[in-house]
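Trainee: This is the structure, below, for whatever I ask next.
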Amino acid sequence: MKKILLWASRISHILNFHLPYIQAFQENGYQVDIAAEGTAQHPLLTQCYDLRFVKNPLSRTNLTTIRQLQKLLQDNHYTMVCSNATLAGAALRLAVRRLKKNDRPRCVHISHGYMFDTGRSLRSLLYRTVEKRLSDVTDTLIVMNEEDLFLAQHYRLSKHIVFTNGMGLCGDRFPAITAEERTALRQKLGADDTTKILLCVGEFSARKNQSLLIEALNRLPYPQRRQYLLVFAGEGATQEECQRLTERYELHPFVRFLGQVREPNRLYRSADILLSASVMEGLPFNVMEALYCGLPVIASHIKGHYDLIADGENGLLFSSDAPNAAASLAHLLQNLLTDTALYRRLKDHAFLPDDYQIEQVRPYLFNILVGGHPAVEIPTPEVTYP
């Protein structure tokens, strides 16, 4: 039996992105092992290894994790291994590199957003150098936005570079809800018919930059501010900082922290706008989910966002790293309160194209993962560096 190891920093990553592919592997006679920090009960997860991983490139803990991964590879003789994201992806590929060449499994890496560009900053040089050094063990590299495709090709980061429209969104997870259900949830959150709910879904982190959303809300004059309700769904390292910022600005009447929400569908269906101030993305699932649910998006002008959002059509884009970023976002929010035609246009064009959905992505990506040719062709875009 062919054996595959899927590795990610957190078990939640496997649950969010890989279950359709685990099922496809198992249906085709593969044994699929999982390595990640954390545990979960799911019928598809038959062999899981709980390995601690710290999202810090300087952490000594990860050296132990690399050795543990190397031992897993030596003991189990996998046909193929698949790594995800930047830091975790580097850990598994370093473990592969420590093996003798004849003992190395086929190595597939899925980039969920490179943490570098063509610049000369220390950060870019560091992350770019690591990826270039690991290119010799990266048999197949999968990228999911045009800028990352350019970087992968420009720096020759793999023997085989593949573009995909994300991992595929499962529409079955996002059924429509009734008007009564929508009203009930909005009332539970404290919103009436005139309130616009601003929704932010995702892990609290410096990369997700949720504090900027609170700063923007604080910039709104009181009459406009009270027409909005900012709702956060998620947990993470910067959550307490954002809660303290909310209290300092006395914004608690206008902000809700819901914590981890396992099924955000009703939130998407009940909100008015999705907000994202991320400073870095691959191809963000929260934006795809929002568009699938007919929810327009206001987001930072970064890769991944501008792959999905046409400014002024299905959403609005702003510069999150500008000195006046909070003021710019506040200005967009003020405009939406007065320009009903603009909001109606955004709402009318908020949908997710079929080629981002699991029915089209999975057959293509599954065949790439097993080393074959795609059953459905997803055209590689012509790329120029933004």
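Chains: A, B, ... in order of the structure tokens. Residues: from 1 per chain. Ligands: from 1, in order shown.
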Would you mind writing down, as a list of chain:residue names, each residue of region 167-297 of chain A that DSSP on the backbone assigns to strand (DSSP E)?
Mentor: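 So the strand (DSSP E) residues in region 167-297 of chain A would be A:Lys196, A:Ile197, A:Leu198, A:Leu199, A:Cys200, A:Val201, A:Tyr228, A:Leu229, A:Leu230, A:Val231, A:Phe232, A:Ala233, A:Val255, A:Arg256, A:Phe257, A:Ile273, A:Leu274, A:Leu275, A:Ser276, A:Val297.
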Trainee: Produce a file of the selected residues containing N, CA and C atoms, as an mmCIF file, in the first residue's frame.
Mentor:
data_model
loop_
_atom_site.group_PDB
_atom_site.id
_atom_site.type_symbol
_atom_site.label_atom_id
_atom_site.label_comp_id
_atom_site.auth_asym_id
_atom_site.auth_seq_id
_atom_site.Cartn_x
_atom_site.Cartn_y
_atom_site.Cartn_z
ATOM 1 N N LYS A 196 -25.345 47.883 10.080
ATOM 2 C CA LYS A 196 -24.535 47.109 9.142
ATOM 3 C C LYS A 196 -23.498 46.319 9.940
ATOM 4 N N ILE A 197 -23.520 45.005 9.771
ATOM 5 C CA ILE A 197 -22.577 44.144 10.484
ATOM 6 C C ILE A 197 -21.307 43.978 9.655
ATOM 7 N N LEU A 198 -20.197 44.368 10.252
ATOM 8 C CA LEU A 198 -18.870 44.176 9.667
ATOM 9 C C LEU A 198 -18.288 42.899 10.269
ATOM 10 N N LEU A 199 -18.025 41.910 9.448
ATOM 11 C CA LEU A 199 -17.572 40.609 9.939
ATOM 12 C C LEU A 199 -16.106 40.401 9.619
ATOM 13 N N CYS A 200 -15.347 39.912 10.597
ATOM 14 C CA CYS A 200 -13.945 39.525 10.390
ATOM 15 C C CYS A 200 -13.786 38.094 10.888
ATOM 16 N N VAL A 201 -13.413 37.191 9.998
ATOM 17 C CA VAL A 201 -13.275 35.774 10.332
ATOM 18 C C VAL A 201 -11.817 35.366 10.170
ATOM 19 N N TYR A 228 -22.674 50.818 12.744
ATOM 20 C CA TYR A 228 -21.916 49.611 12.442
ATOM 21 C C TYR A 228 -21.767 48.738 13.688
ATOM 22 N N LEU A 229 -21.659 47.437 13.459
ATOM 23 C CA LEU A 229 -21.314 46.484 14.505
ATOM 24 C C LEU A 229 -20.186 45.614 13.967
ATOM 25 N N LEU A 230 -19.031 45.683 14.598
ATOM 26 C CA LEU A 230 -17.860 44.920 14.168
ATOM 27 C C LEU A 230 -17.825 43.600 14.926
ATOM 28 N N VAL A 231 -17.883 42.485 14.198
ATOM 29 C CA VAL A 231 -17.972 41.152 14.796
ATOM 30 C C VAL A 231 -16.737 40.346 14.416
ATOM 31 N N PHE A 232 -16.003 39.876 15.426
ATOM 32 C CA PHE A 232 -14.822 39.035 15.209
ATOM 33 C C PHE A 232 -15.165 37.578 15.515
ATOM 34 N N ALA A 233 -14.829 36.690 14.590
ATOM 35 C CA ALA A 233 -14.958 35.250 14.812
ATOM 36 C C ALA A 233 -13.575 34.634 14.713
ATOM 37 N N VAL A 255 -18.599 46.422 19.192
ATOM 38 C CA VAL A 255 -17.690 45.325 18.825
ATOM 39 C C VAL A 255 -18.115 44.062 19.562
ATOM 40 N N ARG A 256 -18.066 42.912 18.874
ATOM 41 C CA ARG A 256 -18.339 41.613 19.481
ATOM 42 C C ARG A 256 -17.168 40.671 19.200
ATOM 43 N N PHE A 257 -16.713 39.974 20.235
ATOM 44 C CA PHE A 257 -15.698 38.926 20.094
ATOM 45 C C PHE A 257 -16.382 37.588 20.352
ATOM 46 N N ILE A 273 -20.904 43.057 5.393
ATOM 47 C CA ILE A 273 -19.602 43.243 4.753
ATOM 48 C C ILE A 273 -18.578 42.353 5.460
ATOM 49 N N LEU A 274 -17.689 41.738 4.707
ATOM 50 C CA LEU A 274 -16.529 41.074 5.305
ATOM 51 C C LEU A 274 -15.356 42.040 5.280
ATOM 52 N N LEU A 275 -14.640 42.147 6.396
ATOM 53 C CA LEU A 275 -13.447 42.984 6.488
ATOM 54 C C LEU A 275 -12.203 42.121 6.642
ATOM 55 N N SER A 276 -11.130 42.506 5.965
ATOM 56 C CA SER A 276 -9.832 41.868 6.178
ATOM 57 C C SER A 276 -8.735 42.910 6.004
ATOM 58 N N VAL A 297 -16.760 42.436 0.094
ATOM 59 C CA VAL A 297 -15.555 42.424 0.916
ATOM 60 C C VAL A 297 -14.832 43.761 0.833
#
Trainee: Hey, what's within 9 Å of Phe174 (chain A) if we count only C-alpha atoms and toss same-chain stuff fewer than 3 positions away? As a PyMOL selection string, please?
Mentor: chain A and resi 170-171+263-266+268-269+289+292-293
Trainee: May I have the selected residues written with N, CA, C and O atoms, as a PDB file, in the first residue's frame?
Mentor:
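Contents of selection-v7.pdb, freshly written:
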ATOM      1  N   CYS A 170     -15.805  24.029  -0.460  1.00  0.00           N
ATOM      2  CA  CYS A 170     -16.925  23.077  -0.407  1.00  0.00           C
ATOM      3  C   CYS A 170     -18.223  23.849  -0.169  1.00  0.00           C
ATOM      4  O   CYS A 170     -18.515  24.243   0.965  1.00  0.00           O
ATOM      5  N   GLY A 171     -18.996  24.049  -1.228  1.00  0.00           N
ATOM      6  CA  GLY A 171     -20.228  24.819  -1.114  1.00  0.00           C
ATOM      7  C   GLY A 171     -21.261  24.188  -0.204  1.00  0.00           C
ATOM      8  O   GLY A 171     -22.108  24.899   0.357  1.00  0.00           O
ATOM      9  N   GLU A 263     -18.734  26.704  12.590  1.00  0.00           N
ATOM     10  CA  GLU A 263     -19.459  26.770  11.324  1.00  0.00           C
ATOM     11  C   GLU A 263     -19.888  28.227  11.096  1.00  0.00           C
ATOM     12  O   GLU A 263     -20.954  28.648  11.554  1.00  0.00           O
ATOM     13  N   PRO A 264     -19.061  28.999  10.374  1.00  0.00           N
ATOM     14  CA  PRO A 264     -19.339  30.439  10.236  1.00  0.00           C
ATOM     15  C   PRO A 264     -20.401  30.779   9.199  1.00  0.00           C
ATOM     16  O   PRO A 264     -20.666  31.962   8.964  1.00  0.00           O
ATOM     17  N   ASN A 265     -21.017  29.775   8.588  1.00  0.00           N
ATOM     18  CA  ASN A 265     -21.942  30.050   7.491  1.00  0.00           C
ATOM     19  C   ASN A 265     -23.024  31.064   7.861  1.00  0.00           C
ATOM     20  O   ASN A 265     -23.292  32.020   7.129  1.00  0.00           O
ATOM     21  N   ARG A 266     -23.662  30.887   9.026  1.00  0.00           N
ATOM     22  CA  ARG A 266     -24.761  31.786   9.402  1.00  0.00           C
ATOM     23  C   ARG A 266     -24.262  33.219   9.608  1.00  0.00           C
ATOM     24  O   ARG A 266     -24.990  34.179   9.365  1.00  0.00           O
ATOM     25  N   TYR A 268     -21.693  34.617   7.877  1.00  0.00           N
ATOM     26  CA  TYR A 268     -21.550  35.180   6.533  1.00  0.00           C
ATOM     27  C   TYR A 268     -22.908  35.585   5.964  1.00  0.00           C
ATOM     28  O   TYR A 268     -23.057  36.643   5.346  1.00  0.00           O
ATOM     29  N   ARG A 269     -23.898  34.725   6.173  1.00  0.00           N
ATOM     30  CA  ARG A 269     -25.223  34.968   5.595  1.00  0.00           C
ATOM     31  C   ARG A 269     -25.963  36.109   6.295  1.00  0.00           C
ATOM     32  O   ARG A 269     -26.903  36.675   5.735  1.00  0.00           O
ATOM     33  N   GLU A 289     -15.156  32.263   1.044  1.00  0.00           N
ATOM     34  CA  GLU A 289     -16.402  31.878   1.721  1.00  0.00           C
ATOM     35  C   GLU A 289     -17.416  33.021   1.709  1.00  0.00           C
ATOM     36  O   GLU A 289     -18.609  32.807   1.462  1.00  0.00           O
ATOM     37  N   TYR A 292     -18.831  33.433  -1.756  1.00  0.00           N
ATOM     38  CA  TYR A 292     -19.764  32.338  -2.046  1.00  0.00           C
ATOM     39  C   TYR A 292     -21.129  32.620  -1.408  1.00  0.00           C
ATOM     40  O   TYR A 292     -22.169  32.275  -1.971  1.00  0.00           O
ATOM     41  N   CYS A 293     -21.107  33.242  -0.239  1.00  0.00           N
ATOM     42  CA  CYS A 293     -22.351  33.552   0.474  1.00  0.00           C
ATOM     43  C   CYS A 293     -22.956  34.887   0.048  1.00  0.00           C
ATOM     44  O   CYS A 293     -23.924  35.356   0.660  1.00  0.00           O
TER      45      CYS A 293
END
Trainee: Using DSSP assignments from the backbone, pull out every residue in region 185-283 of chain A that falls under helix (DSSP H, G or I) and give it to me as number ranges by chain.
Mentor: A: 185-189, 210-219, 222-225, 239-248, 252-254, 265-270
Trainee: Pick out the closest residue to Asn16 (chain A) from this set: A:Gly168, A:Arg226, A:Leu258, A:Ile177. Count only C-alpha atoms.
Mentor: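 Under the stated criterion, the closest residue is A:Gly168.
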Trainee: Using only C-alpha atoms, which residues of region 167-243 of chain A come within 7 Å of region 312-329 of chain A, and what is the closest atom pair for each, with the distance in Å to one decimal? Give it as a tab-separated table, sorted by chain and residue number.
Mentor:
residue	atom	partner	partner_atom	distance
A:Leu212	CA	A:Ala326	CA	6.0
A:Glu215	CA	A:Ala326	CA	5.8
A:Ala216	CA	A:Ala326	CA	4.4
A:Arg219	CA	A:Ala327	CA	6.5
Trainee: Could you write out the selected residues, including all heavy atoms, as a PDB file, in the first residue's frame?
Mentor:
ATOM      1  N   LEU A 212      -6.134  47.003  13.193  1.00  0.00           N
ATOM      2  CA  LEU A 212      -6.395  48.102  12.262  1.00  0.00           C
ATOM      3  C   LEU A 212      -7.900  48.319  12.071  1.00  0.00           C
ATOM      4  O   LEU A 212      -8.353  49.456  11.904  1.00  0.00           O
ATOM      5  CB  LEU A 212      -5.734  47.814  10.912  1.00  0.00           C
ATOM      6  CG  LEU A 212      -5.924  48.887   9.834  1.00  0.00           C
ATOM      7  CD1 LEU A 212      -5.326  50.219  10.271  1.00  0.00           C
ATOM      8  CD2 LEU A 212      -5.321  48.440   8.508  1.00  0.00           C
ATOM      9  N   GLU A 215      -9.025  50.339  14.980  1.00  0.00           N
ATOM     10  CA  GLU A 215      -8.567  51.724  14.802  1.00  0.00           C
ATOM     11  C   GLU A 215      -9.459  52.464  13.812  1.00  0.00           C
ATOM     12  O   GLU A 215      -9.818  53.631  14.028  1.00  0.00           O
ATOM     13  CB  GLU A 215      -7.119  51.739  14.297  1.00  0.00           C
ATOM     14  CG  GLU A 215      -6.092  51.157  15.251  1.00  0.00           C
ATOM     15  CD  GLU A 215      -5.683  52.144  16.332  1.00  0.00           C
ATOM     16  OE1 GLU A 215      -6.203  53.288  16.321  1.00  0.00           O
ATOM     17  OE2 GLU A 215      -4.858  51.773  17.176  1.00  0.00           O
ATOM     18  N   ALA A 216      -9.856  51.786  12.719  1.00  0.00           N
ATOM     19  CA  ALA A 216     -10.706  52.430  11.716  1.00  0.00           C
ATOM     20  C   ALA A 216     -12.083  52.742  12.279  1.00  0.00           C
ATOM     21  O   ALA A 216     -12.639  53.821  12.039  1.00  0.00           O
ATOM     22  CB  ALA A 216     -10.816  51.531  10.485  1.00  0.00           C
ATOM     23  N   ARG A 219     -12.077  55.800  14.226  1.00  0.00           N
ATOM     24  CA  ARG A 219     -11.950  57.019  13.430  1.00  0.00           C
ATOM     25  C   ARG A 219     -13.300  57.539  12.938  1.00  0.00           C
ATOM     26  O   ARG A 219     -13.392  58.694  12.517  1.00  0.00           O
ATOM     27  CB  ARG A 219     -11.059  56.749  12.212  1.00  0.00           C
ATOM     28  CG  ARG A 219      -9.617  56.377  12.534  1.00  0.00           C
ATOM     29  CD  ARG A 219      -8.778  57.602  12.719  1.00  0.00           C
ATOM     30  NE  ARG A 219      -7.371  57.254  12.916  1.00  0.00           N
ATOM     31  CZ  ARG A 219      -6.369  57.908  12.346  1.00  0.00           C
ATOM     32  NH1 ARG A 219      -6.628  58.920  11.528  1.00  0.00           N
ATOM     33  NH2 ARG A 219      -5.136  57.566  12.586  1.00  0.00           N
TER      34      ARG A 219
END
Trainee: I'd like to know which of A:Leu337, A:Ala299, A:Met288, A:Leu217 is closest to Asp355 (chain A), using only C-alpha atoms.
Mentor: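 Result for the nearest residue to Asp355 (chain A): A:Met288.
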Trainee: What is the distance, in Å and to one decimal place, between CA of Arg67 (chain A) and CA of Gly282 (chain A)?
Mentor: 27.9 Å
Trainee: Which residues, written as a PyMOL selection string, have at least one atom at most 12 Å from region 93-105 of chain A, with only C-alpha atoms counted and residues fewer than 2 positions away on the same chain left out?
Mentor: chain A and resi 2-5+7-8+62-91+107-110+130-141
Trainee: For Ile34 (chain A), list every protein, DNA or RNA residue within 8 Å, evaluated using only C-alpha atoms, and leave out those in the same chain fewer than 6 positions away; present the list as a list in words.
Mentor: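 Returned residues: Leu5, Leu6, Trp7, Leu45, Gln47, Cys48 and Tyr49 of chain A.
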Trainee: What is the CA of Ala191 (chain A)-CA of Cys242 (chain A) distance in Å, reported with one decimal?
Mentor: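 Taking CA of Ala191 (chain A) and CA of Cys242 (chain A), their separation equals 21.1 Å.
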Trainee: Could you name the residues that touch Ala24 (chain A) at 12 Å or less, counting only C-alpha atoms, but leaving out those on the same chain fewer than 3 positions away, as a list in words?
Mentor: His18, Leu19, Pro20, Tyr21, Glu27, Asn28, Gly29, Tyr30, Gln31, Val32, Leu44, Arg362, Pro363, Tyr364, Leu365, Phe366, Asn367, Leu369 and Val370 of chain A
Trainee: Quick one: write out the picked residues with N, CA, C and O atoms as a PDB file, in the first residue's frame?
Mentor:
ATOM      1  N   HIS A  18      -7.787  19.900   3.905  1.00  0.00           N
ATOM      2  CA  HIS A  18      -7.328  18.653   3.299  1.00  0.00           C
ATOM      3  C   HIS A  18      -8.295  17.474   3.343  1.00  0.00           C
ATOM      4  O   HIS A  18      -8.021  16.443   2.733  1.00  0.00           O
ATOM      5  N   LEU A  19      -9.395  17.573   4.056  1.00  0.00           N
ATOM      6  CA  LEU A  19     -10.278  16.407   4.186  1.00  0.00           C
ATOM      7  C   LEU A  19     -10.750  15.851   2.837  1.00  0.00           C
ATOM      8  O   LEU A  19     -10.756  14.627   2.647  1.00  0.00           O
ATOM      9  N   PRO A  20     -11.148  16.690   1.861  1.00  0.00           N
ATOM     10  CA  PRO A  20     -11.560  16.116   0.568  1.00  0.00           C
ATOM     11  C   PRO A  20     -10.448  15.340  -0.119  1.00  0.00           C
ATOM     12  O   PRO A  20     -10.709  14.363  -0.832  1.00  0.00           O
ATOM     13  N   TYR A  21      -9.202  15.755   0.105  1.00  0.00           N
ATOM     14  CA  TYR A  21      -8.078  15.089  -0.541  1.00  0.00           C
ATOM     15  C   TYR A  21      -7.692  13.812   0.208  1.00  0.00           C
ATOM     16  O   TYR A  21      -7.317  12.810  -0.412  1.00  0.00           O
ATOM     17  N   GLU A  27      -9.813   6.527  -0.965  1.00  0.00           N
ATOM     18  CA  GLU A  27     -10.650   5.837  -1.951  1.00  0.00           C
ATOM     19  C   GLU A  27      -9.818   5.220  -3.069  1.00  0.00           C
ATOM     20  O   GLU A  27     -10.272   4.289  -3.747  1.00  0.00           O
ATOM     21  N   ASN A  28      -8.612   5.741  -3.258  1.00  0.00           N
ATOM     22  CA  ASN A  28      -7.722   5.208  -4.290  1.00  0.00           C
ATOM     23  C   ASN A  28      -6.631   4.306  -3.715  1.00  0.00           C
ATOM     24  O   ASN A  28      -5.620   4.054  -4.382  1.00  0.00           O
ATOM     25  N   GLY A  29      -6.841   3.826  -2.485  1.00  0.00           N
ATOM     26  CA  GLY A  29      -5.970   2.809  -1.924  1.00  0.00           C
ATOM     27  C   GLY A  29      -4.730   3.301  -1.212  1.00  0.00           C
ATOM     28  O   GLY A  29      -3.814   2.516  -0.958  1.00  0.00           O
ATOM     29  N   TYR A  30      -4.683   4.573  -0.863  1.00  0.00           N
ATOM     30  CA  TYR A  30      -3.530   5.118  -0.149  1.00  0.00           C
ATOM     31  C   TYR A  30      -3.777   5.105   1.359  1.00  0.00           C
ATOM     32  O   TYR A  30      -4.906   5.323   1.809  1.00  0.00           O
ATOM     33  N   GLN A  31      -2.713   4.875   2.123  1.00  0.00           N
ATOM     34  CA  GLN A  31      -2.758   5.122   3.563  1.00  0.00           C
ATOM     35  C   GLN A  31      -2.291   6.552   3.795  1.00  0.00           C
ATOM     36  O   GLN A  31      -1.229   6.956   3.301  1.00  0.00           O
ATOM     37  N   VAL A  32      -3.080   7.329   4.534  1.00  0.00           N
ATOM     38  CA  VAL A  32      -2.748   8.729   4.762  1.00  0.00           C
ATOM     39  C   VAL A  32      -2.484   8.947   6.246  1.00  0.00           C
ATOM     40  O   VAL A  32      -3.375   8.780   7.085  1.00  0.00           O
ATOM     41  N   LEU A  44     -11.884  10.187   8.935  1.00  0.00           N
ATOM     42  CA  LEU A  44     -10.847  10.128   7.907  1.00  0.00           C
ATOM     43  C   LEU A  44      -9.439  10.185   8.487  1.00  0.00           C
ATOM     44  O   LEU A  44      -8.475   9.835   7.804  1.00  0.00           O
ATOM     45  N   ARG A 362     -10.648  19.922  -7.033  1.00  0.00           N
ATOM     46  CA  ARG A 362     -10.165  18.648  -6.486  1.00  0.00           C
ATOM     47  C   ARG A 362      -9.637  17.686  -7.544  1.00  0.00           C
ATOM     48  O   ARG A 362      -8.531  17.133  -7.354  1.00  0.00           O
ATOM     49  N   PRO A 363     -10.339  17.408  -8.638  1.00  0.00           N
ATOM     50  CA  PRO A 363      -9.779  16.453  -9.602  1.00  0.00           C
ATOM     51  C   PRO A 363      -8.454  16.917 -10.184  1.00  0.00           C
ATOM     52  O   PRO A 363      -7.555  16.101 -10.436  1.00  0.00           O
ATOM     53  N   TYR A 364      -8.333  18.220 -10.384  1.00  0.00           N
ATOM     54  CA  TYR A 364      -7.076  18.774 -10.894  1.00  0.00           C
ATOM     55  C   TYR A 364      -5.953  18.608  -9.870  1.00  0.00           C
ATOM     56  O   TYR A 364      -4.884  18.070 -10.167  1.00  0.00           O
ATOM     57  N   LEU A 365      -6.215  19.054  -8.644  1.00  0.00           N
ATOM     58  CA  LEU A 365      -5.171  19.071  -7.631  1.00  0.00           C
ATOM     59  C   LEU A 365      -4.835  17.661  -7.152  1.00  0.00           C
ATOM     60  O   LEU A 365      -3.664  17.346  -6.882  1.00  0.00           O
ATOM     61  N   PHE A 366      -5.819  16.779  -7.057  1.00  0.00           N
ATOM     62  CA  PHE A 366      -5.549  15.406  -6.632  1.00  0.00           C
ATOM     63  C   PHE A 366      -4.573  14.730  -7.586  1.00  0.00           C
ATOM     64  O   PHE A 366      -3.628  14.055  -7.154  1.00  0.00           O
ATOM     65  N   ASN A 367      -4.779  14.893  -8.870  1.00  0.00           N
ATOM     66  CA  ASN A 367      -3.890  14.260  -9.836  1.00  0.00           C
ATOM     67  C   ASN A 367      -2.489  14.861  -9.807  1.00  0.00           C
ATOM     68  O   ASN A 367      -1.510  14.160 -10.065  1.00  0.00           O
ATOM     69  N   LEU A 369      -1.135  15.949  -6.978  1.00  0.00           N
ATOM     70  CA  LEU A 369      -0.568  15.413  -5.740  1.00  0.00           C
ATOM     71  C   LEU A 369      -0.048  13.992  -5.924  1.00  0.00           C
ATOM     72  O   LEU A 369       0.982  13.617  -5.347  1.00  0.00           O
ATOM     73  N   VAL A 370      -0.738  13.189  -6.709  1.00  0.00           N
ATOM     74  CA  VAL A 370      -0.286  11.800  -6.902  1.00  0.00           C
ATOM     75  C   VAL A 370       0.735  11.687  -8.020  1.00  0.00           C
ATOM     76  O   VAL A 370       1.166  10.579  -8.369  1.00  0.00           O
TER      77      VAL A 370
END
Trainee: Which residue out of A:Leu336, A:Ala330, A:Leu346, A:Ala341 has the minimum interatomic distance to Gly294 (chain A) when only C-alpha atoms are used?
Mentor: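 Closest to Gly294 (chain A) of all the choices is A:Leu346.
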Trainee: Report, in Å to a single decimal, how far apart CA of Leu149 (chain A) and CA of Ala36 (chain A) are.
Mentor: 26.3 Å
Trainee: With distances taken over only C-alpha atoms, which residue among A:Ala40, A:Ile11, A:Val279, A:Met1 lies nearest His301 (chain A)?
Mentor: A:Val279
Trainee: A:Gly234, A:Gly113, A:Pro253, A:Pro43: which is nearest Pro284 (chain A), counting only C-alpha atoms?
Mentor: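 Smallest separation from Pro284 (chain A) among the options: A:Gly113.
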Trainee: Using only C-alpha atoms, pick whichever of A:Gly371, A:Met167, A:Pro57, A:Val143 has the shortest atom-to-atom distance to Arg106 (chain A).
Mentor: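 Checking each of A:Gly371, A:Met167, A:Pro57, A:Val143 against Arg106 (chain A), counting only C-alpha atoms, the winner is A:Gly371.
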Trainee: Which neighbours of Ala179 (chain A) fall inside 12 Å, counting only C-alpha atoms, when residues of the same chain fewer than 5 positions from it are skipped, and could you give them as a VMD selection string?
Mentor: chain A and resid 184 to 186 193 266 269 to 270
